[in-house]
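Q: So that you have it, the file is protein_19.txt, and it contains compact mmCIF, C-alpha atoms and all ligand atoms:
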# COMPACT_ATOMS: atom_id res chain seq x y z
CA MET A 1 -8.60 20.73 -14.90
CA LEU A 2 -5.41 19.82 -13.11
CA LYS A 3 -2.00 20.95 -14.27
CA GLU A 4 -0.32 18.41 -16.55
CA THR A 5 2.52 17.68 -14.13
CA VAL A 6 0.15 16.91 -11.27
CA ALA A 7 -2.28 14.89 -13.41
CA GLY A 8 0.63 12.92 -14.91
CA LEU A 9 2.04 12.03 -11.50
CA LEU A 10 -1.38 10.99 -10.21
CA ASN A 11 -1.94 8.85 -13.30
CA ALA A 12 1.44 7.18 -12.76
CA GLN A 13 0.54 6.62 -9.11
CA VAL A 14 -2.57 4.67 -10.17
CA ASN A 15 -0.21 2.10 -11.68
CA LYS A 16 2.04 2.10 -8.59
CA GLU A 17 -0.94 1.42 -6.34
CA PHE A 18 -2.08 -1.50 -8.49
CA TYR A 19 1.52 -2.72 -8.44
CA SER A 20 1.46 -2.54 -4.63
CA ALA A 21 -1.67 -4.71 -4.64
CA TYR A 22 0.08 -7.17 -6.93
CA LEU A 23 3.19 -7.24 -4.72
CA TYR A 24 1.10 -7.90 -1.62
CA LEU A 25 -0.75 -10.71 -3.37
CA ALA A 26 2.67 -12.26 -4.05
CA PHE A 27 3.38 -11.99 -0.31
CA ALA A 28 -0.01 -13.56 0.48
CA ASN A 29 0.71 -16.44 -1.89
CA PHE A 30 4.12 -17.00 -0.27
CA TYR A 31 2.50 -17.25 3.18
CA GLU A 32 -0.17 -19.62 1.87
CA GLU A 33 2.61 -21.92 0.69
CA GLU A 34 4.28 -21.61 4.10
CA GLY A 35 1.01 -22.59 5.82
CA LEU A 36 0.65 -19.21 7.53
CA LYS A 37 -2.92 -18.41 6.59
CA GLY A 38 -3.21 -15.44 8.94
CA PHE A 39 -0.25 -13.68 7.35
CA ALA A 40 -1.70 -14.53 3.95
CA ASN A 41 -5.03 -13.00 5.00
CA TRP A 42 -3.30 -9.86 6.28
CA TYR A 43 -1.63 -9.27 2.92
CA ARG A 44 -4.75 -10.07 0.92
CA VAL A 45 -6.57 -7.35 2.88
CA GLN A 46 -3.60 -5.05 2.29
CA ALA A 47 -3.84 -5.76 -1.45
CA GLN A 48 -7.53 -4.75 -1.36
CA GLU A 49 -6.56 -1.47 0.29
CA GLU A 50 -3.98 -0.80 -2.40
CA ARG A 51 -6.55 -1.40 -5.11
CA ASP A 52 -8.78 1.11 -3.28
CA HIS A 53 -5.96 3.66 -3.38
CA ALA A 54 -5.71 3.22 -7.15
CA MET A 55 -9.50 3.52 -7.53
CA LEU A 56 -9.60 6.70 -5.47
CA MET A 57 -6.89 8.28 -7.60
CA MET A 58 -8.67 7.30 -10.80
CA GLN A 59 -11.91 8.76 -9.49
CA TYR A 60 -10.17 11.97 -8.43
CA LEU A 61 -8.66 12.37 -11.90
CA GLN A 62 -12.02 11.74 -13.53
CA ASN A 63 -13.79 14.14 -11.15
CA ASN A 64 -11.36 16.74 -12.45
CA ASP A 65 -12.02 15.91 -16.08
CA CYS A 66 -8.63 14.22 -16.59
CA LYS A 67 -8.14 11.20 -18.80
CA VAL A 68 -6.86 8.07 -17.04
CA GLU A 69 -4.36 5.95 -18.92
CA LEU A 70 -3.83 2.45 -17.54
CA GLU A 71 -0.34 1.01 -18.02
CA ALA A 72 0.96 -2.57 -17.72
CA ILE A 73 1.53 -3.77 -14.17
CA ASP A 74 5.05 -5.11 -13.56
CA LYS A 75 5.72 -8.58 -12.23
CA PRO A 76 6.14 -8.30 -8.43
CA ASP A 77 9.78 -7.72 -7.55
CA ALA A 78 9.84 -9.94 -4.46
CA ASN A 79 12.68 -12.09 -3.22
CA LEU A 80 11.02 -14.41 -0.73
CA ASP A 81 12.83 -17.07 1.23
CA LYS A 82 12.53 -16.54 4.99
CA LYS A 83 9.19 -15.90 6.72
CA ILE A 84 10.24 -12.38 7.63
CA ASP A 85 11.18 -11.43 4.06
CA PRO A 86 7.75 -10.14 2.94
CA LEU A 87 7.52 -8.02 6.09
CA ARG A 88 10.89 -6.35 5.50
CA GLN A 89 10.26 -5.88 1.78
CA GLY A 90 6.75 -4.60 2.51
CA TYR A 91 8.12 -1.97 4.89
CA ALA A 92 10.74 -0.86 2.35
CA HIS A 93 8.02 -0.68 -0.29
CA GLU A 94 5.79 1.51 1.88
CA GLN A 95 8.69 3.88 2.51
CA TYR A 96 9.17 4.09 -1.24
CA VAL A 97 5.44 4.81 -1.75
CA THR A 98 5.55 7.54 0.91
CA GLY A 99 8.28 9.19 -1.16
CA LEU A 100 6.09 8.99 -4.27
CA ILE A 101 3.10 10.56 -2.49
CA ASN A 102 5.33 13.31 -1.09
CA ASN A 103 6.61 13.95 -4.58
CA ILE A 104 3.08 14.44 -5.95
CA TYR A 105 2.29 16.69 -2.99
CA ASP A 106 5.37 18.74 -3.77
CA ALA A 107 4.28 19.13 -7.42
CA ALA A 108 0.77 20.19 -6.31
CA TYR A 109 2.28 22.68 -3.85
CA LYS A 110 4.43 24.22 -6.58
CA GLU A 111 1.37 24.61 -8.80
CA LYS A 112 -0.68 26.07 -5.93
CA ASP A 113 -3.08 23.18 -6.51
CA PHE A 114 -4.73 23.27 -3.09
CA ARG A 115 -7.48 20.85 -4.07
CA THR A 116 -4.99 18.12 -4.89
CA MET A 117 -3.04 18.87 -1.72
CA GLN A 118 -6.23 18.41 0.26
CA PHE A 119 -6.97 15.16 -1.58
CA LEU A 120 -3.45 13.92 -0.87
CA ASP A 121 -3.66 14.75 2.85
CA TRP A 122 -5.57 11.50 3.36
CA PHE A 123 -2.80 9.55 1.60
CA VAL A 124 -0.08 11.22 3.65
CA LYS A 125 -1.84 10.07 6.83
CA GLU A 126 -2.49 6.63 5.37
CA GLN A 127 1.20 6.21 4.51
CA GLY A 128 2.13 7.05 8.11
CA GLU A 129 -0.24 4.32 9.35
CA GLU A 130 0.97 1.79 6.80
CA GLU A 131 4.63 2.34 7.69
CA THR A 132 3.80 1.97 11.39
CA ASN A 133 1.84 -1.24 10.78
CA ALA A 134 4.62 -2.69 8.61
CA LEU A 135 7.25 -1.91 11.22
CA ASP A 136 5.10 -3.38 14.01
CA LEU A 137 4.83 -6.64 12.08
CA ILE A 138 8.61 -6.83 11.68
CA LYS A 139 9.12 -6.25 15.41
CA LYS A 140 6.57 -8.91 16.33
CA MET A 141 8.12 -11.40 13.92
CA GLU A 142 11.60 -10.70 15.29
CA LEU A 143 10.34 -11.25 18.82
CA PHE A 144 8.11 -14.28 18.29
CA GLY A 145 8.84 -15.74 14.87
CA GLU A 146 11.34 -18.34 16.05
CA ASP A 147 8.96 -19.93 18.54
CA ALA A 148 6.35 -22.20 16.91
CA ARG A 149 3.64 -21.59 19.50
CA SER A 150 4.07 -17.81 19.43
CA LEU A 151 4.12 -17.82 15.63
CA TYR A 152 0.86 -19.76 15.67
CA MET A 153 -0.71 -17.13 17.94
CA LEU A 154 0.58 -14.29 15.79
CA ASP A 155 -0.79 -15.99 12.68
CA SER A 156 -4.18 -16.37 14.39
CA GLU A 157 -4.15 -12.67 15.30
CA LEU A 158 -3.43 -11.65 11.71
CA ASN A 159 -6.18 -13.94 10.49
CA GLY A 160 -8.62 -11.60 12.23
CA ARG A 161 -7.88 -8.66 9.98
CA VAL A 162 -10.96 -7.73 7.96
CA TYR A 163 -11.27 -5.49 4.97
CA ASN A 164 -12.67 -2.02 5.61
CA PRO A 165 -13.37 0.29 2.69
CA PRO A 166 -11.38 3.55 2.78
CA SER A 167 -12.66 6.37 4.95
CA LEU A 168 -12.02 8.88 2.14
CA VAL A 169 -15.13 9.66 0.11
CA LEU A 170 -14.84 11.69 -3.09
FE1 LIG B 1 -1.14 2.63 -1.30
FE2 LIG B 1 0.44 1.03 0.88
O1 LIG B 1 0.14 2.61 -0.03
As structure tokens - that is how I would like this structure written.
Ligand code: FEO
A:
Amino acid sequence: MLKETVAGLLNAQVNKEFYSAYLYLAFANFYEEEGLKGFANWYRVQAQEERDHAMLMMQYLQNNDCKVELEAIDKPDANLDKKIDPLRQGYAHEQYVTGLINNIYDAAYKEKDFRTMQFLDWFVKEQGEEETNALDLIKKMELFGEDARSLYMLDSELNGRVYNPPSLVL
């Protein structure tokens, strides 16, 4: 069994990960309406990854004989007007999630819960990659977003993103 503090934080994180998926679906829908199907695809794949994160945390809790309590998922808090808005809000959101993961890690460390720390190592790395990807998208959009032809090429590039199941196996 996990300590209550650690299990509670992991259970809360399940909801946050599903919320992330929901937020990214809102971004995907915004880009669909804007006619940028590649950007929409990129965020739909991202939403699938977020759902995977939630599933992995649920499975980890269950593997450790902890009860999982699913809570209501909030309406996505997105303020979308300009084409770059989802990218900036997505980056800010990933930074927030990194803080949440670090917080769980900190609780596991204090409890000498080395198993959970090892489990979370994958998420720490994943957060690093997600922040880098989010920042790269912002930079590309700032460079090319104003030019229709470049934006078309960027959209085509993002349309190539395919879903890959997580490399972490429990
Ligand atoms: Fe589940 Fe984007 O972190």
Q: With all atoms listed in the file counted and 8 Å as the cut-off, give the residues of chain A in contact with ligand LIG 1 (chain B), each with its shortest interatomic distance in Å and the pair that gives it, as JSON lines.
A:
{"residue": "A:Lys16", "atom": "CA", "partner": "B:LIG1", "partner_atom": "FE1", "distance": 8.0}
{"residue": "A:Glu17", "atom": "CA", "partner": "B:LIG1", "partner_atom": "FE1", "distance": 5.2}
{"residue": "A:Ser20", "atom": "CA", "partner": "B:LIG1", "partner_atom": "FE2", "distance": 6.6}
{"residue": "A:Gln46", "atom": "CA", "partner": "B:LIG1", "partner_atom": "FE2", "distance": 7.4}
{"residue": "A:Glu49", "atom": "CA", "partner": "B:LIG1", "partner_atom": "FE1", "distance": 7.0}
{"residue": "A:Glu50", "atom": "CA", "partner": "B:LIG1", "partner_atom": "FE1", "distance": 4.6}
{"residue": "A:Arg51", "atom": "CA", "partner": "B:LIG1", "partner_atom": "FE1", "distance": 7.7}
{"residue": "A:His53", "atom": "CA", "partner": "B:LIG1", "partner_atom": "FE1", "distance": 5.3}
{"residue": "A:Ala54", "atom": "CA", "partner": "B:LIG1", "partner_atom": "FE1", "distance": 7.4}
{"residue": "A:His93", "atom": "CA", "partner": "B:LIG1", "partner_atom": "FE2", "distance": 7.9}
{"residue": "A:Glu94", "atom": "CA", "partner": "B:LIG1", "partner_atom": "FE2", "distance": 5.5}
{"residue": "A:Val97", "atom": "CA", "partner": "B:LIG1", "partner_atom": "O1", "distance": 6.0}
{"residue": "A:Thr98", "atom": "CA", "partner": "B:LIG1", "partner_atom": "O1", "distance": 7.4}
{"residue": "A:Phe123", "atom": "CA", "partner": "B:LIG1", "partner_atom": "FE1", "distance": 7.7}
{"residue": "A:Glu126", "atom": "CA", "partner": "B:LIG1", "partner_atom": "O1", "distance": 7.2}
{"residue": "A:Gln127", "atom": "CA", "partner": "B:LIG1", "partner_atom": "O1", "distance": 5.9}
{"residue": "A:Glu130", "atom": "CA", "partner": "B:LIG1", "partner_atom": "FE2", "distance": 6.0}
Q: Quick one, how far is atom CA of A:Val45 from atom CA of A:Pro166?
A: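 It comes out at 11.9 Å.
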Q: Could you tell me how far atom CA of A:Trp42 lies from atom CA of A:Leu154, in Å and to one decimal?
A: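 Distance between the two atoms: 11.2 Å.
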Q: Select, from A:Asn15, A:Gln48, A:Asn63, A:Asn29, the residue with the minimum atom-to-atom distance to A:Ala78, counting all atoms listed in the file.
A: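 Closest candidate: A:Asn29.
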Q: A:Asn41, A:Asn79, A:Thr5, A:Asn11: which is nearest A:Val162, counting only C-alpha atoms?
A: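 Distance minimum relative to A:Val162 lands on A:Asn41.
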Q: One number please: atom CA of A:Gly38 to atom CA of A:Asp52, in Å, one decimal.
A: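 Atom CA of A:Asp52 lies at a distance of 21.3 Å from atom CA of A:Gly38.
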Q: Using all atoms listed in the file, which residues sit within 8 Å of A:Leu80 once same-chain residues fewer than 4 positions away are excluded, as an MDAnalysis selection string?
A: chainID A and resid 30 85:86
Q: Could you check which of A:Leu10, A:Leu87, A:Glu129, A:Arg161 is closest to A:Tyr105, using all atoms listed in the file?
A: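 Among A:Leu10, A:Leu87, A:Glu129, A:Arg161, it is A:Leu10 that comes nearest to A:Tyr105.
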Q: Using all atoms listed in the file, which of A:Asp155, A:Glu4, A:Tyr19, A:Lys139 sits nearest A:Ala72?
A: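 Using all atoms listed in the file, A:Ala72 sits closest to A:Tyr19.
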Q: For A:Met55, which residue among A:Asn102, A:Gly35, A:Leu168, A:Ala26 is the nearest when counting all atoms listed in the file?
A: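 Checking each of A:Asn102, A:Gly35, A:Leu168, A:Ala26 against A:Met55, counting all atoms listed in the file, the winner is A:Leu168.
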